[in-house]
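upload38.tsv follows; it contains TSV, C-alpha atoms and all ligand atoms.
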```tsv
chain	number	residue	atom	x	y	z
A	1	MET	CA	-137.83	-117.67	-4.17
A	2	THR	CA	-136.83	-114.98	-6.65
A	3	GLU	CA	-138.37	-115.05	-10.14
A	4	GLU	CA	-135.39	-115.24	-12.52
A	5	LEU	CA	-136.34	-113.02	-15.46
A	6	PHE	CA	-132.83	-113.29	-16.97
A	7	ARG	CA	-133.33	-117.02	-17.64
A	8	GLU	CA	-136.09	-116.38	-20.19
A	9	ASP	CA	-134.93	-113.04	-21.57
A	10	ALA	CA	-131.23	-112.16	-21.29
A	11	ALA	CA	-131.85	-108.86	-23.11
A	12	LEU	CA	-133.83	-107.38	-20.19
A	13	THR	CA	-131.78	-104.70	-18.41
A	14	GLU	CA	-134.36	-103.56	-15.86
A	15	CYS	CA	-137.57	-104.61	-14.13
A	16	GLU	CA	-139.99	-103.46	-11.48
A	17	ALA	CA	-139.76	-105.55	-8.31
A	18	ILE	CA	-140.84	-105.68	-4.68
A	19	VAL	CA	-138.37	-105.88	-1.79
A	20	VAL	CA	-138.70	-109.15	0.15
A	21	SER	CA	-135.89	-108.45	2.61
A	22	ALA	CA	-132.92	-106.12	2.94
A	23	GLY	CA	-129.88	-106.39	5.17
A	24	VAL	CA	-126.10	-106.10	5.12
A	25	GLU	CA	-125.91	-109.64	3.67
A	26	GLY	CA	-127.91	-108.48	0.67
A	27	ILE	CA	-131.28	-107.50	-0.74
A	28	VAL	CA	-133.83	-110.09	-1.88
A	29	LEU	CA	-136.47	-109.07	-4.46
A	30	ASP	CA	-139.54	-110.99	-5.65
A	31	ARG	CA	-138.14	-110.90	-9.21
A	32	THR	CA	-134.94	-109.71	-10.84
A	33	VAL	CA	-132.91	-109.17	-14.00
A	34	PHE	CA	-129.64	-109.51	-12.00
A	35	TYR	CA	-127.74	-112.72	-12.85
A	36	PRO	CA	-126.12	-114.31	-9.76
A	37	LEU	CA	-122.51	-115.59	-9.98
A	38	GLY	CA	-122.68	-119.15	-11.29
A	39	GLY	CA	-121.67	-121.53	-14.04
A	40	GLY	CA	-118.45	-119.53	-14.38
A	41	GLN	CA	-120.27	-116.31	-15.22
A	42	ALA	CA	-119.72	-113.27	-12.99
A	43	GLY	CA	-122.66	-111.79	-11.05
A	44	ASP	CA	-124.28	-108.59	-12.29
A	45	SER	CA	-123.79	-105.13	-10.84
A	46	GLY	CA	-126.13	-102.16	-11.20
A	47	GLU	CA	-128.58	-100.24	-9.02
A	48	LEU	CA	-131.92	-100.40	-7.25
A	49	VAL	CA	-133.96	-97.23	-7.62
A	50	GLY	CA	-136.73	-96.48	-5.10
A	51	ALA	CA	-139.96	-94.57	-5.75
A	52	GLY	CA	-138.48	-91.38	-4.30
A	53	GLY	CA	-135.44	-91.66	-6.55
A	54	THR	CA	-133.18	-93.15	-3.86
A	55	ARG	CA	-130.41	-95.19	-5.48
A	56	ILE	CA	-128.64	-98.15	-3.95
A	57	ALA	CA	-125.56	-99.27	-5.88
A	58	ILE	CA	-125.37	-103.06	-6.31
A	59	VAL	CA	-121.80	-104.30	-6.61
A	60	ASP	CA	-122.41	-108.03	-7.14
A	61	THR	CA	-125.12	-110.70	-7.19
A	62	ARG	CA	-125.05	-114.12	-5.54
A	63	LYS	CA	-127.30	-117.08	-4.93
A	64	HIS	CA	-128.52	-117.11	-1.32
A	65	LYS	CA	-126.63	-119.86	0.54
A	66	GLU	CA	-129.38	-120.73	3.04
A	67	LEU	CA	-132.55	-119.69	1.26
A	68	ALA	CA	-132.92	-121.94	-1.82
A	69	GLY	CA	-134.02	-120.06	-4.93
A	70	ALA	CA	-133.42	-116.61	-3.45
A	71	ILE	CA	-131.01	-114.19	-5.12
A	72	LEU	CA	-128.94	-111.71	-3.10
A	73	HIS	CA	-128.22	-108.25	-4.53
A	74	LEU	CA	-125.08	-107.11	-2.70
A	75	PRO	CA	-125.17	-103.38	-1.84
A	76	ALA	CA	-122.07	-101.19	-1.93
A	77	PRO	CA	-120.41	-100.96	1.52
A	78	ASP	CA	-122.03	-98.39	3.85
A	79	SER	CA	-125.23	-98.21	1.77
A	80	ASP	CA	-128.26	-96.79	3.60
A	81	LEU	CA	-130.91	-99.48	3.23
A	82	ALA	CA	-133.58	-97.64	5.28
A	83	ALA	CA	-135.66	-96.97	2.17
A	84	LEU	CA	-135.82	-100.70	1.28
A	85	GLN	CA	-138.45	-101.93	3.74
A	86	PRO	CA	-140.12	-105.22	2.77
A	87	GLY	CA	-142.98	-104.51	0.37
A	88	THR	CA	-141.28	-101.43	-1.16
A	89	ARG	CA	-141.39	-101.13	-4.95
A	90	VAL	CA	-138.08	-100.61	-6.73
A	91	THR	CA	-136.67	-100.58	-10.22
A	92	ALA	CA	-133.83	-103.11	-10.54
A	93	ARG	CA	-131.40	-102.01	-13.25
A	94	ILE	CA	-128.23	-103.82	-14.25
A	95	ASP	CA	-125.02	-102.33	-15.62
A	96	ALA	CA	-126.00	-103.18	-19.20
A	97	VAL	CA	-122.56	-102.54	-20.73
A	98	ARG	CA	-120.88	-104.94	-18.29
A	99	ARG	CA	-123.60	-107.59	-18.80
A	100	ARG	CA	-123.34	-107.25	-22.59
A	101	ALA	CA	-119.65	-108.14	-22.28
A	102	HIS	CA	-120.55	-111.20	-20.15
A	103	MET	CA	-123.09	-112.31	-22.77
A	104	ARG	CA	-120.69	-111.91	-25.69
A	105	PHE	CA	-117.89	-113.77	-23.90
A	106	HIS	CA	-120.24	-116.44	-22.55
A	107	THR	CA	-121.57	-117.19	-26.04
A	108	ALA	CA	-117.98	-117.21	-27.35
A	109	THR	CA	-117.07	-119.92	-24.80
A	110	HIS	CA	-119.77	-122.13	-26.37
A	111	LEU	CA	-118.20	-121.53	-29.80
A	112	LEU	CA	-114.83	-122.50	-28.33
A	113	CYS	CA	-116.37	-125.71	-26.94
A	114	ALA	CA	-117.55	-126.56	-30.45
A	115	LEU	CA	-114.01	-126.04	-31.80
A	116	VAL	CA	-112.23	-127.99	-29.04
A	117	PRO	CA	-113.93	-131.38	-28.59
A	118	HIS	CA	-112.61	-132.12	-25.09
A	119	PRO	CA	-114.25	-131.97	-21.64
A	120	VAL	CA	-114.19	-128.64	-19.83
A	121	ASP	CA	-112.86	-128.60	-16.27
A	122	GLY	CA	-113.01	-124.93	-15.45
A	123	CYS	CA	-114.57	-121.72	-16.69
A	124	SER	CA	-114.56	-118.03	-15.80
A	125	ILE	CA	-116.45	-115.28	-17.60
A	126	THR	CA	-115.87	-111.61	-16.70
A	127	ALA	CA	-116.38	-108.32	-18.56
A	128	GLY	CA	-112.68	-108.12	-19.45
A	129	TYR	CA	-111.86	-111.67	-20.47
A	130	ALA	CA	-113.12	-115.25	-20.42
A	131	ARG	CA	-111.15	-118.40	-19.85
A	132	LEU	CA	-111.93	-122.04	-20.38
A	133	ASP	CA	-109.84	-124.98	-19.15
A	134	PHE	CA	-109.92	-128.07	-21.35
A	135	HIS	CA	-109.03	-131.53	-20.07
A	136	MET	CA	-106.55	-132.52	-22.79
A	137	ALA	CA	-102.86	-133.07	-23.48
A	138	GLU	CA	-102.67	-132.01	-27.13
A	139	PRO	CA	-101.39	-128.53	-27.97
A	140	LEU	CA	-103.84	-125.88	-29.24
A	141	ASP	CA	-103.19	-123.21	-31.86
A	142	LYS	CA	-104.13	-119.63	-30.99
A	143	GLU	CA	-104.56	-118.33	-34.55
A	144	GLN	CA	-106.50	-121.37	-35.65
A	145	LEU	CA	-108.99	-121.01	-32.77
A	146	SER	CA	-109.39	-117.25	-33.35
A	147	THR	CA	-110.12	-117.96	-37.01
A	148	GLY	CA	-112.62	-120.66	-36.03
A	149	ILE	CA	-114.46	-118.31	-33.67
A	150	ALA	CA	-114.58	-115.57	-36.35
A	151	ARG	CA	-116.03	-118.07	-38.83
A	152	LEU	CA	-118.83	-119.12	-36.45
A	153	VAL	CA	-119.55	-115.44	-35.65
A	154	ASN	CA	-119.74	-114.58	-39.36
A	155	GLU	CA	-122.06	-117.54	-40.03
A	156	SER	CA	-124.72	-115.86	-37.82
A	157	HIS	CA	-126.09	-118.93	-36.03
A	158	PRO	CA	-129.22	-118.34	-33.93
A	159	VAL	CA	-128.71	-118.89	-30.17
A	160	ARG	CA	-131.65	-120.05	-28.07
A	161	HIS	CA	-132.45	-121.92	-24.89
A	162	ARG	CA	-135.06	-124.52	-24.09
A	163	TRP	CA	-135.90	-126.79	-21.20
A	164	ILE	CA	-135.54	-130.58	-21.31
A	165	SER	CA	-136.53	-133.18	-18.73
A	166	GLU	CA	-133.87	-134.73	-16.49
A	167	ASP	CA	-134.78	-138.10	-18.06
A	168	GLU	CA	-133.97	-136.71	-21.50
A	169	LEU	CA	-130.63	-135.44	-20.20
A	170	ASP	CA	-129.83	-138.81	-18.59
A	171	ALA	CA	-130.56	-140.50	-21.91
A	172	ASN	CA	-128.04	-138.19	-23.62
A	173	PRO	CA	-124.98	-138.04	-21.32
A	174	GLN	CA	-122.85	-136.68	-24.17
A	175	LEU	CA	-124.67	-133.37	-23.66
A	176	VAL	CA	-122.74	-132.68	-20.47
A	177	ARG	CA	-119.41	-131.24	-21.57
A	178	SER	CA	-118.36	-129.76	-18.27
A	179	MET	CA	-116.58	-131.86	-15.64
A	180	SER	CA	-116.67	-129.10	-13.02
A	181	VAL	CA	-120.14	-127.63	-13.41
A	182	GLN	CA	-122.95	-130.17	-13.46
A	183	PRO	CA	-126.41	-128.86	-14.35
A	184	PRO	CA	-128.63	-128.29	-11.30
A	185	ARG	CA	-130.78	-131.32	-10.48
A	186	GLY	CA	-133.99	-131.92	-8.64
A	187	LEU	CA	-136.18	-129.41	-10.47
A	188	GLY	CA	-137.35	-132.03	-13.01
A	189	ARG	CA	-136.09	-129.94	-15.91
A	190	VAL	CA	-132.74	-128.65	-17.13
A	191	ARG	CA	-132.07	-125.58	-19.23
A	192	VAL	CA	-130.09	-126.30	-22.39
A	193	LEU	CA	-128.45	-123.75	-24.64
A	194	GLU	CA	-128.49	-124.46	-28.35
A	195	ILE	CA	-126.43	-122.72	-31.00
A	196	ASP	CA	-127.99	-123.91	-34.23
A	197	GLY	CA	-125.76	-126.57	-35.78
A	198	VAL	CA	-122.81	-125.66	-33.51
A	199	ASP	CA	-123.26	-126.54	-29.83
A	200	LEU	CA	-125.87	-127.94	-27.46
A	201	GLN	CA	-125.29	-128.24	-23.70
A	202	PRO	CA	-126.93	-127.55	-20.35
A	203	CYS	CA	-126.32	-123.94	-19.34
A	204	GLY	CA	-128.08	-121.46	-17.08
A	205	GLY	CA	-126.11	-118.37	-18.13
A	206	THR	CA	-126.94	-115.36	-20.28
A	207	HIS	CA	-126.08	-115.32	-23.99
A	208	VAL	CA	-126.51	-113.10	-27.05
A	209	ALA	CA	-129.33	-114.03	-29.47
A	210	ASN	CA	-127.15	-114.73	-32.49
A	211	THR	CA	-123.46	-115.62	-32.89
A	212	SER	CA	-123.04	-112.46	-35.01
A	213	ASP	CA	-123.65	-110.48	-31.78
A	214	VAL	CA	-120.49	-112.00	-30.25
A	215	GLY	CA	-118.50	-109.59	-32.41
A	216	ARG	CA	-114.72	-109.64	-32.59
A	217	VAL	CA	-113.52	-112.06	-29.92
A	218	ILE	CA	-110.07	-113.58	-30.21
A	219	VAL	CA	-107.88	-116.04	-28.31
A	220	THR	CA	-105.35	-113.89	-26.44
A	221	LYS	CA	-103.46	-116.67	-24.67
A	222	ILE	CA	-103.13	-120.45	-24.43
A	223	GLU	CA	-101.50	-121.85	-21.31
A	224	LYS	CA	-100.49	-125.35	-20.31
A	225	LYS	CA	-101.77	-125.38	-16.72
A	226	SER	CA	-100.91	-129.03	-16.10
A	227	ALA	CA	-100.13	-132.18	-18.07
A	228	MET	CA	-103.84	-132.62	-18.75
A	229	THR	CA	-105.09	-129.01	-18.77
A	230	ARG	CA	-104.98	-126.45	-21.56
A	231	ARG	CA	-106.29	-123.00	-20.63
A	232	VAL	CA	-107.69	-120.82	-23.43
A	233	VAL	CA	-108.14	-117.09	-22.69
A	234	LEU	CA	-110.51	-114.98	-24.79
A	235	GLY	CA	-110.46	-111.19	-25.21
A	236	PHE	CA	-112.23	-108.54	-27.28
A	237	ALA	CA	-110.14	-107.83	-30.37
A	238	ASP	CA	-110.42	-104.06	-29.94
A	239	GLN	CA	-109.08	-104.27	-26.36
A	240	ALA	CA	-106.28	-106.78	-26.93
A	241	ARG	CA	-102.78	-105.52	-27.60
A	301	ZN	ZN	-123.81	-120.82	-21.63
```

With the file now loaded, output its structure as C-alpha cells.
Amino acid sequence: MTEELFREDAALTECEAIVVSAGVEGIVLDRTVFYPLGGGQAGDSGELVGAGGTRIAIVDTRKHKELAGAILHLPAPDSDLAALQPGTRVTARIDAVRRRAHMRFHTATHLLCALVPHPVDGCSITAGYARLDFHMAEPLDKEQLSTGIARLVNESHPVRHRWISEDELDANPQLVRSMSVQPPRGLGRVRVLEIDGVDLQPCGGTHVANTSDVGRVIVTKIEKKSAMTRRVVLGFADQAR
C-alpha cells in the first residue's frame, strides 16, 4: 500500500520515499506525491531521483490493478531501473507546472457543476483542457457559463477536503453528482471536496486551495454529444484562440 500524500496536501510537489518494487510494469514507492489517473483526472508525470543523482523519468501514474492500494509510477520506455533496488531511497518529484494545470481545471469543473445543476456522466481533466458531460437535454450558453466561472473565481471561495463516513454519505444521496464515477467504497470513509457555499461532493482529486487560484478559465466549446448529453469544454483564457 502506497501512502497517498497528495490526498492531504495537493500543494506538495516532491517527497522522499523508499522503493518497494521496480519493474517494466512500474515502480512502487512506500509513499508518493504522484496522483494516479482516476476520477477523470490525468496521472502525474515527473522524475525519481536516486541518491547518486540518477534520474528516472516518470511519464504517467496509475493505480496498480492487482495490488490494492499500490500506485505505479510508469518509467519512460527503455529506462535503466538497476539503481532502483527495493529499499533504495529516492526523491519523487512531479512535473509541478503540469499538475498545477490539472488542479486549476479540476477545481473549475466543480465550479461548472455548481452552475449546471444536472448529473455528470463523464469527465476528463488534462493539462490542456477539461471536459465535463452533463446528462441533460436543455441547451447551455457558453458566454453565460464563462461569466459564471469568472464570478466564482473572483469571489475567492476557500476550497478544502474532509472525510465523512459512508453512513453519512448514504444519508445524503444528493451529494453524489456523478453517474459515471462513484466514490470508492469499503474503506469506511469517503473524501468530500467542499467549495465554501458553492459545491460539495465526493472527490479524490487534487484541487487549488481557493477559487481565486483557478485563474482565467473559460468555456471554449459546448457540444451536443447525444439527445441527453451536453459536453462542456474548458480552456485557459490565455491559451484559447
Ligand atoms: Zn474534485

For chain A against ligand ZN 301 (chain A), with a cut-off of 6 Å and counting only C-alpha atoms and all ligand atoms, what is the closest atom pair and its distance in Å to one decimal for every residue that makes the cut, ordered by chain and number, as JSON lines?
```
{"residue": "A:His106", "atom": "CA", "partner": "A:ZN301", "partner_atom": "ZN", "distance": 5.7}
{"residue": "A:Cys203", "atom": "CA", "partner": "A:ZN301", "partner_atom": "ZN", "distance": 4.6}
{"residue": "A:Gly205", "atom": "CA", "partner": "A:ZN301", "partner_atom": "ZN", "distance": 4.9}
```

Review point. By how many Å are CA of His64 (chain A) and CA of Leu187 (chain A) apart?
Key: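 Interatomic distance, CA of His64 (chain A) to CA of Leu187 (chain A): 17.1 Å.
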
Using all atoms listed in the file, tabulate the residues of region 21-69 of chain A lying at most 10 Å from any atom of region 82-89 of chain A, each with its closest atom pair and that distance in Å to one decimal, by chain and increasing residue number, as a tab-separated table.
```
residue	atom	partner	partner_atom	distance
A:Ser21	CA	A:Pro86	CA	5.3
A:Ala22	CA	A:Leu84	CA	6.4
A:Gly23	CA	A:Leu84	CA	9.1
A:Ile27	CA	A:Leu84	CA	8.4
A:Val28	CA	A:Pro86	CA	9.2
A:Leu29	CA	A:Pro86	CA	9.0
A:Asp30	CA	A:Gly87	CA	9.5
A:Leu48	CA	A:Leu84	CA	9.4
A:Val49	CA	A:Arg89	CA	8.8
A:Gly50	CA	A:Arg89	CA	6.6
A:Ala51	CA	A:Arg89	CA	6.8
A:Gly52	CA	A:Ala83	CA	9.0
A:Thr54	CA	A:Ala83	CA	7.6
A:Arg55	CA	A:Ala83	CA	9.4
A:Ile56	CA	A:Leu84	CA	9.2
```

Review point. Using all atoms listed in the file, which residues sit within 9 Å of region 118-130 of chain A once same-chain residues fewer than 5 positions away are excluded, as an NGL selection string?
Key: :A and (39-43 or 97-103 or 105-106 or 108-109 or 113 or 135-136 or 176-181 or 229 or 231-236 or 239)

Against region 2-14 of chain A, which residues of region 68-158 of chain A fall within 9 Å? For each one I want the closest pair of atoms and the distance in Å (one decimal), counting all atoms listed in the file, rows by chain and increasing residue number, as CSV.
```
residue,atom,partner,partner_atom,distance
A:Gly69,CA,A:Thr2,CA,6.1
A:Ala70,CA,A:Thr2,CA,5.0
A:Ile71,CA,A:Thr2,CA,6.1
A:Thr91,CA,A:Glu14,CA,6.8
A:Ala92,CA,A:Glu14,CA,5.4
A:Arg93,CA,A:Glu14,CA,4.2
A:Ile94,CA,A:Thr13,CA,5.5
A:Asp95,CA,A:Thr13,CA,7.7
A:Ala96,CA,A:Thr13,CA,6.0
A:Arg99,CA,A:Thr13,CA,8.7
A:Arg100,CA,A:Ala11,CA,8.7
A:Met103,CA,A:Ala10,CA,8.3
```

Practice item. Measuring atom to atom with all atoms listed in the file, identify which of A:Leu193, A:Arg185, A:Met228, A:Val116 is nearest to Asp167 (chain A). Key: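 Nearest candidate to Asp167 (chain A) out of A:Leu193, A:Arg185, A:Met228, A:Val116: A:Arg185.
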
Quick one: 4 Å padding each side, axis-aligned, all listed atoms of region 187-202 of chain A - centre and edge lengths in Å to one decimal, as AutoDock Vina command-line options?
```
--center_x -130.1 --center_y -127.4 --center_z -23.1 --size_x 22.5 --size_y 17.3 --size_z 33.3
```

Check your understanding: Mind pulling up the distance from CA of Glu47 (chain A) to CA of Asp60 (chain A)?
Key -> 10.1 Å

Exercise for review: Just give me the gap between CA of Val214 (chain A) and CA of Trp163 (chain A) in Å, one decimal is fine.
Suggested key: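 Separating CA of Val214 (chain A) from CA of Trp163 (chain A) is a distance of 23.2 Å.
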
**Study point:** Selected residue, from A:Ala76, A:Leu115, A:Ala150, A:Val24, that lies nearest to Gly46 (chain A) when counting all atoms listed in the file
**Key:**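 Answer, going by the shortest atom-to-atom distance: A:Ala76.
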
**Study point:** All residues 6 Å or closer to Leu175 (chain A), only C-alpha atoms, same chain fewer than 2 positions away omitted, as a list in words
**Key:** Asn172, Pro173 and Gln201 of chain A

For the residues in the current selection, export C-alpha atoms as a CSV table (one decimal), in the frame of the given file.
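As written to disk, part_25.csv reads:
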```csv
chain,number,residue,atom,x,y,z
A,172,ASN,CA,-128.0,-138.2,-23.6
A,173,PRO,CA,-125.0,-138.0,-21.3
A,201,GLN,CA,-125.3,-128.2,-23.7
```

Check your understanding: Given the choices A:Ala114, A:Leu140, A:Leu67, A:Ile218, which gets closest to Asp199 (chain A) if the distance is worked out from only C-alpha atoms?
Key ->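 For Asp199 (chain A), the nearest of the given residues is A:Ala114.
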
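Shortest separation to Leu145 (chain A) among A:Thr61, A:Lys221, A:Pro77, A:Gln174 occurs at residue A:Lys221, atoms counted being all atoms listed in the file.
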
Revision key, fill the gap. Of A:Leu81, A:Val153, A:Ile195, A:Leu74, the one nearest to Asp213 (chain A) when counting only C-alpha atoms is A:Val153

Exercise for review: Could you check which of A:Gly197, A:Asp78, A:Ile58, A:Ile18 is closest to His157 (chain A), using only C-alpha atoms?
Suggested key: A:Gly197

Have region 37-50 of chain A completed to N, CA and C atoms, please, and pass it along as a PDB file, keeping the file's coordinate frame.
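The result, written out as out_4.pdb:
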```pdb
ATOM      1  N   LEU A  37    -123.731-114.842  -9.670  1.00  0.00           N
ATOM      2  CA  LEU A  37    -122.510-115.590  -9.980  1.00  0.00           C
ATOM      3  C   LEU A  37    -122.820-117.085 -10.068  1.00  0.00           C
ATOM      4  N   GLY A  38    -122.436-117.722 -11.173  1.00  0.00           N
ATOM      5  CA  GLY A  38    -122.680-119.150 -11.290  1.00  0.00           C
ATOM      6  C   GLY A  38    -122.355-119.655 -12.685  1.00  0.00           C
ATOM      7  N   GLY A  39    -122.001-120.932 -12.758  1.00  0.00           N
ATOM      8  CA  GLY A  39    -121.670-121.530 -14.040  1.00  0.00           C
ATOM      9  C   GLY A  39    -120.469-120.846 -14.687  1.00  0.00           C
ATOM     10  N   GLY A  40    -119.626-120.213 -13.855  1.00  0.00           N
ATOM     11  CA  GLY A  40    -118.450-119.530 -14.380  1.00  0.00           C
ATOM     12  C   GLY A  40    -118.691-118.067 -14.696  1.00  0.00           C
ATOM     13  N   GLN A  41    -119.968-117.697 -14.844  1.00  0.00           N
ATOM     14  CA  GLN A  41    -120.270-116.310 -15.220  1.00  0.00           C
ATOM     15  C   GLN A  41    -120.366-115.405 -14.001  1.00  0.00           C
ATOM     16  N   ALA A  42    -119.720-114.233 -14.090  1.00  0.00           N
ATOM     17  CA  ALA A  42    -119.720-113.270 -12.990  1.00  0.00           C
ATOM     18  C   ALA A  42    -121.135-112.777 -12.694  1.00  0.00           C
ATOM     19  N   GLY A  43    -121.378-112.372 -11.445  1.00  0.00           N
ATOM     20  CA  GLY A  43    -122.660-111.790 -11.050  1.00  0.00           C
ATOM     21  C   GLY A  43    -122.792-110.375 -11.599  1.00  0.00           C
ATOM     22  N   ASP A  44    -124.052-109.937 -11.771  1.00  0.00           N
ATOM     23  CA  ASP A  44    -124.280-108.590 -12.290  1.00  0.00           C
ATOM     24  C   ASP A  44    -124.081-107.527 -11.217  1.00  0.00           C
ATOM     25  N   SER A  45    -123.771-106.313 -11.685  1.00  0.00           N
ATOM     26  CA  SER A  45    -123.790-105.130 -10.840  1.00  0.00           C
ATOM     27  C   SER A  45    -124.815-104.173 -11.438  1.00  0.00           C
ATOM     28  N   GLY A  46    -125.139-103.105 -10.702  1.00  0.00           N
ATOM     29  CA  GLY A  46    -126.130-102.160 -11.200  1.00  0.00           C
ATOM     30  C   GLY A  46    -126.683-101.321 -10.070  1.00  0.00           C
ATOM     31  N   GLU A  47    -128.002-101.064 -10.082  1.00  0.00           N
ATOM     32  CA  GLU A  47    -128.580-100.240  -9.020  1.00  0.00           C
ATOM     33  C   GLU A  47    -130.043-100.595  -8.798  1.00  0.00           C
ATOM     34  N   LEU A  48    -130.502-100.299  -7.581  1.00  0.00           N
ATOM     35  CA  LEU A  48    -131.920-100.400  -7.250  1.00  0.00           C
ATOM     36  C   LEU A  48    -132.388 -98.966  -7.021  1.00  0.00           C
ATOM     37  N   VAL A  49    -133.450 -98.594  -7.723  1.00  0.00           N
ATOM     38  CA  VAL A  49    -133.960 -97.230  -7.620  1.00  0.00           C
ATOM     39  C   VAL A  49    -135.325 -97.267  -6.954  1.00  0.00           C
ATOM     40  N   GLY A  50    -135.470 -96.535  -5.829  1.00  0.00           N
ATOM     41  CA  GLY A  50    -136.730 -96.480  -5.100  1.00  0.00           C
ATOM     42  C   GLY A  50    -137.674 -95.456  -5.693  1.00  0.00           C
TER      43      GLY A  50
END
```
